[in-house]
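Report on the following structure.
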Amino acid sequence: MPPRRRQQFTQDHIDQQLQQIHLLDPSSSSENLEQLGPIIKQIHTNRQQDAYLRTVQGLIDSKDAEIEKICSDNYQDFISSVSTLFTVKSYTDKMKENIASLDTSVAQLGGGLVEKKRALLQSKKTAANLDEAIDTLQACLRVLDVVDRVGEMIREGKYWSALRSLEDIQSMPPTSLSQTPFFQHLLSSLPSLRGQIKDAVTASMKQWLLEIRNISTEVGRLAVEAMESRTRRWRTRREKDILLRPSRVGSAVELVTYEKIEFNVLDNEKLHVDFKPLFECIHIYTTLNSLSELQKSYQADRKAQSDLILPTPLPLASLSSLTQEISGFFIVESHVLETTGTFRSSRDVEELWEALAVRLTTAIQSALRTEADPETFLKVKESLLTFIMTLETYSYSTTPLHSFIIVLFEKYAKLLEKQFTRRFEAIVREDEHTPMKVDAEHSVETILDTVWLHEEERNEVRQTPMGYPLAWSLTFYLCCQDIRTFIQKFYAFVEGVSQHHRDIDDLLSRSLDSLLEKSISQSISQRLAGTQNPTQIAQIITNLEYFRSTQRGGIIRLSASSAFEGVIGKSLQRMASLISSKLDQCFELSEYDWTPKARETSPSMYLYELVNWLTTVVDSLVIKENYKEESYKGALGYITECLMDFLTGRDIPMMNENAISNILIDVDFLEDELKRIGRSHLATVFIELRLTTSIVLSNTVQEYLVPANRHASYAAVKPKRLQSLLEKLARYGASQRDPAGRELGERRRKEAEAVGRVFPGENR
């Protein structure tokens, strides 16, 4: 590839370039030397320095020639101008000298003026600084005055105004004072001042809490008195309207019909509770964004105060005042909860209430642990019930306290049972078991108001004249009187208690049954064991009959009649035992001859006394006819057993047929006496004796051995007894000397063996 040819510049070309940079342009007022750069660079690149320099030199020479030509054409004018200029210069120099002289003179004259001016300006500056300092000091004084008034307002209790003043200081518009160290120091002290306000309002609230604690008892007392007044009004209304009687104070019916009388226990003629310190404290803490701190502190303080209400141990004598203090405490809490918005939560108040309720019930339980007087339990219940109704008005949950009252009621019922058990035992023990009489002390109406009787029995009592005996003794009357007292005290405890009435009535039924069974019937049973008089036993049976038939009307049902029936049975047994004891004494006088030579024609003499005593005693008993019947039947049964024991027992080794006939004569006498007194049907008790003796006397032993005959005609005969009687006759026959007697004895022996062999163990 051939070498590239360098560009060559001509004269015209160079002139053109010089014109472009205004070096050759006479109208150009500036020199564009920057444009020489590319031209010179291009010249060097093309190595035309020499040519370029020659061209430039030619240009210079051409311009010099033009200048000389111009100068030669205007030389005279130039010389003249120079001369004129020298003249002007001389005048100018002289003027400069004059000006310098004037300047020096003016400088001398104005120097003092400048100094005065400078002093004046300095004075004005100083005055301005003083004015600014005065304004600043006055502003400081105003701020300091506000700060001082903040302290006074704190001492005067104007906490909100003090806090607003601090806010005004902090929110002042920017001024010259704002940039001073004094103001910055003042701003830095505002938190401390707020802290003083906070501490002062807190101390005020603490003092208020102390005052509230001191007047809580008075608040509670007024609330309790208002509740008692309400209770009295409701009781009066219940007595007028029978439909309202099941409803208690606070029930739905009472709330609907309650004509509310406005009475504010916190603001009345006797008491005014000012909540301003608390409200102010809440407002201040809210403004300071520290409400949560106050809430925690208030809860802790109130909890500490609630812990101090109940002393340990709890004196029951001061329970009423303590419950009033608790009532006042929580009435205040209820008002705070309603009037302070979100400051207090329901849960916080409930925690205080639940904790104090638990401590109260625990303290009362501990105080009552060794108490044995039911009246003390009743007084505790009255205090608690009024306390409960008062707090229910302020929507506090009292379910645990109602449950606690039921627990107290169970203990009260047990103590009441023990108390009346002792009274019933004393009544039974001290009673002489003689009929009670109508007298001045015990009028008919008084008696009828006390005892429980059927309408027919009540009519009979109304017809009883003064001084006449009644069917029962003092045991029945006094026990009925105490039972009514027991019921009254029983219901006195549960009156006003929020509990299902059926449960209370069932518990009363069980308690009464327990008293009737364990106290009255058992006491009578114990007294019965030591009673020796049939008349007293008869009176006991009559009393038991009235106790058994006693039922309380309405929903109370008693089931103790079975216990009284059992004691009646024991009484009849005791009666039978006494009669049997007397009969034994009579039989000891019997003096039977068991081997007589001939038969008697009249009954034994002891039977006359026996029958006379028996009929006199039994017929004189003031008891029901069926009990007399049982007494006769028991006595005759015992007589029969005694006679059968003579015939078949082991005490008498032998007898003859004449002795048996004599026994039958006595039996005939007894049956005749039964007919005489109109009780011939009781003669059936002698059937076994008559059948047993008839087999022997009629010589029908072989007939008896036939099963069909035995079951048809001799079912009441016991083979063992028949065998024993035959053996006694056999021994008597064996002791005889005559052959006929001995033969008869042998026959009796064989008959006895036959009876014992054919019927081993049957009906023995």
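Labels for the structure tokens follow display order: chains A, B, ..., residues from 1 in each chain, ligands from 1.
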
* **Nearby residues (only C-alpha atoms) at most 10 Å from A:Ala471, same-chain spacing under 5 positions excluded, as a PyMOL selection string** => chain A and resi 434-437+461+476+539+542-543+546+622-623

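For stretch 401-530 of chain A, backbone-based DSSP assignment of strand (DSSP E or B) covers Pro435, Met436, Lys437, Pro469, Leu470, Ala471, Trp472 and Ser473 of chain A.
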
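Closest approach to A:Leu670 among A:Arg690, A:Pro603, A:Ile79, A:Ile504 is made by A:Pro603 (distances from only C-alpha atoms).
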
* **Counting only C-alpha atoms, the residue of A:Glu688, A:Glu609, A:Glu333, A:Glu432 that sits nearest A:Ile212** => A:Glu333

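In this structure, atom CA of A:Thr361 sits 12.9 Å away from atom CA of A:Leu385.
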
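Take atom CA of A:Pro469 and atom CA of A:Leu516: the distance between them is 24.6 Å.
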
* Residues of stretch 245-356 of chain A in helix (DSSP H, G or I), written as a VMD selection string -> chain A and resid 252 to 257 276 to 287 291 to 309 316 to 339 346 to 356

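For A:Leu278, the set of protein, DNA and RNA residues having any atom at most 12 Å away, when counting only C-alpha atoms and skipping those fewer than 4 positions along the same chain, is Val201, Thr202, Ala203, Ser204, Met205, Lys206, Gln207, Trp208, Leu209, Glu211, Ile212, Val273, Asp274, Ile282, His283, Ile284, Tyr285, Leu294, Gln295, Tyr298, Val332, Glu333, His335, Val336, Leu337, Thr339, Thr340, Phe343 and Arg344 of chain A.
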
Include C-alpha atoms and write out the residues we just selected as a short mmCIF file (atom, residue, chain, number, x, y, z; two decimals), in the first residue's frame.
data_model
loop_
_atom_site.label_atom_id
_atom_site.label_comp_id
_atom_site.auth_asym_id
_atom_site.auth_seq_id
_atom_site.Cartn_x
_atom_site.Cartn_y
_atom_site.Cartn_z
CA VAL A 201 -50.97 14.40 93.36
CA THR A 202 -49.96 10.86 94.31
CA ALA A 203 -49.55 11.92 97.94
CA SER A 204 -52.95 13.60 97.78
CA MET A 205 -54.48 10.40 96.41
CA LYS A 206 -52.73 8.33 99.12
CA GLN A 207 -54.16 10.65 101.78
CA TRP A 208 -57.58 10.25 100.15
CA LEU A 209 -57.22 6.46 100.30
CA GLU A 211 -59.54 8.87 104.55
CA ILE A 212 -61.64 6.43 102.50
CA VAL A 273 -67.38 11.22 99.97
CA ASP A 274 -65.28 13.48 97.69
CA ILE A 282 -56.16 9.93 87.19
CA HIS A 283 -56.29 13.07 84.99
CA ILE A 284 -52.70 14.04 85.81
CA TYR A 285 -51.35 10.54 85.25
CA LEU A 294 -51.22 4.59 88.76
CA GLN A 295 -53.47 1.61 88.06
CA TYR A 298 -53.94 1.89 93.19
CA VAL A 332 -66.46 2.82 96.94
CA GLU A 333 -64.84 0.43 94.46
CA HIS A 335 -68.44 3.88 92.33
CA VAL A 336 -64.82 4.20 91.13
CA LEU A 337 -65.45 1.49 88.53
CA THR A 339 -67.10 6.83 87.16
CA THR A 340 -63.47 6.44 86.00
CA PHE A 343 -59.05 3.25 84.95
CA ARG A 344 -60.44 0.27 86.86
#

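If you measure from each of A:His454, A:Arg213, A:Lys633, A:Arg237 to A:Val685 using only C-alpha atoms, the closest one turns out to be A:Lys633.
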
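Restricting the calculation to only C-alpha atoms, the smallest distance between A:Phe486 and any of A:Glu417, A:Asp505, A:Glu97, A:Glu517 is found for A:Glu417.
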
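Put simply, atom CA of A:Lys379 is 27.9 Å away from atom CA of A:Leu271.
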
* Structure fact -> Min atom-atom distance to A:Thr323 from the set A:Ser229, A:Thr684, A:Ser216, A:Thr376, counting only C-alpha atoms, belongs to A:Ser216

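By only C-alpha atoms, and with residues fewer than 6 positions from A:Met227 along its chain excluded, the set lying at most 10 Å from it is Arg221, Arg233, Val249, Thr386, Phe387, Met389, Thr390, Leu391 and Thr393 of chain A.
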
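Nearest-residue note for A:Leu453: choosing from A:Ile541, A:Ser549, A:Tyr91, A:Lys518, the minimum distance belongs to A:Ser549, counting only C-alpha atoms.
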
* **A:Lys411 surroundings by only C-alpha atoms, 12 Å radius, close-in-sequence under 6 positions cut, as a count of residues only** => 20
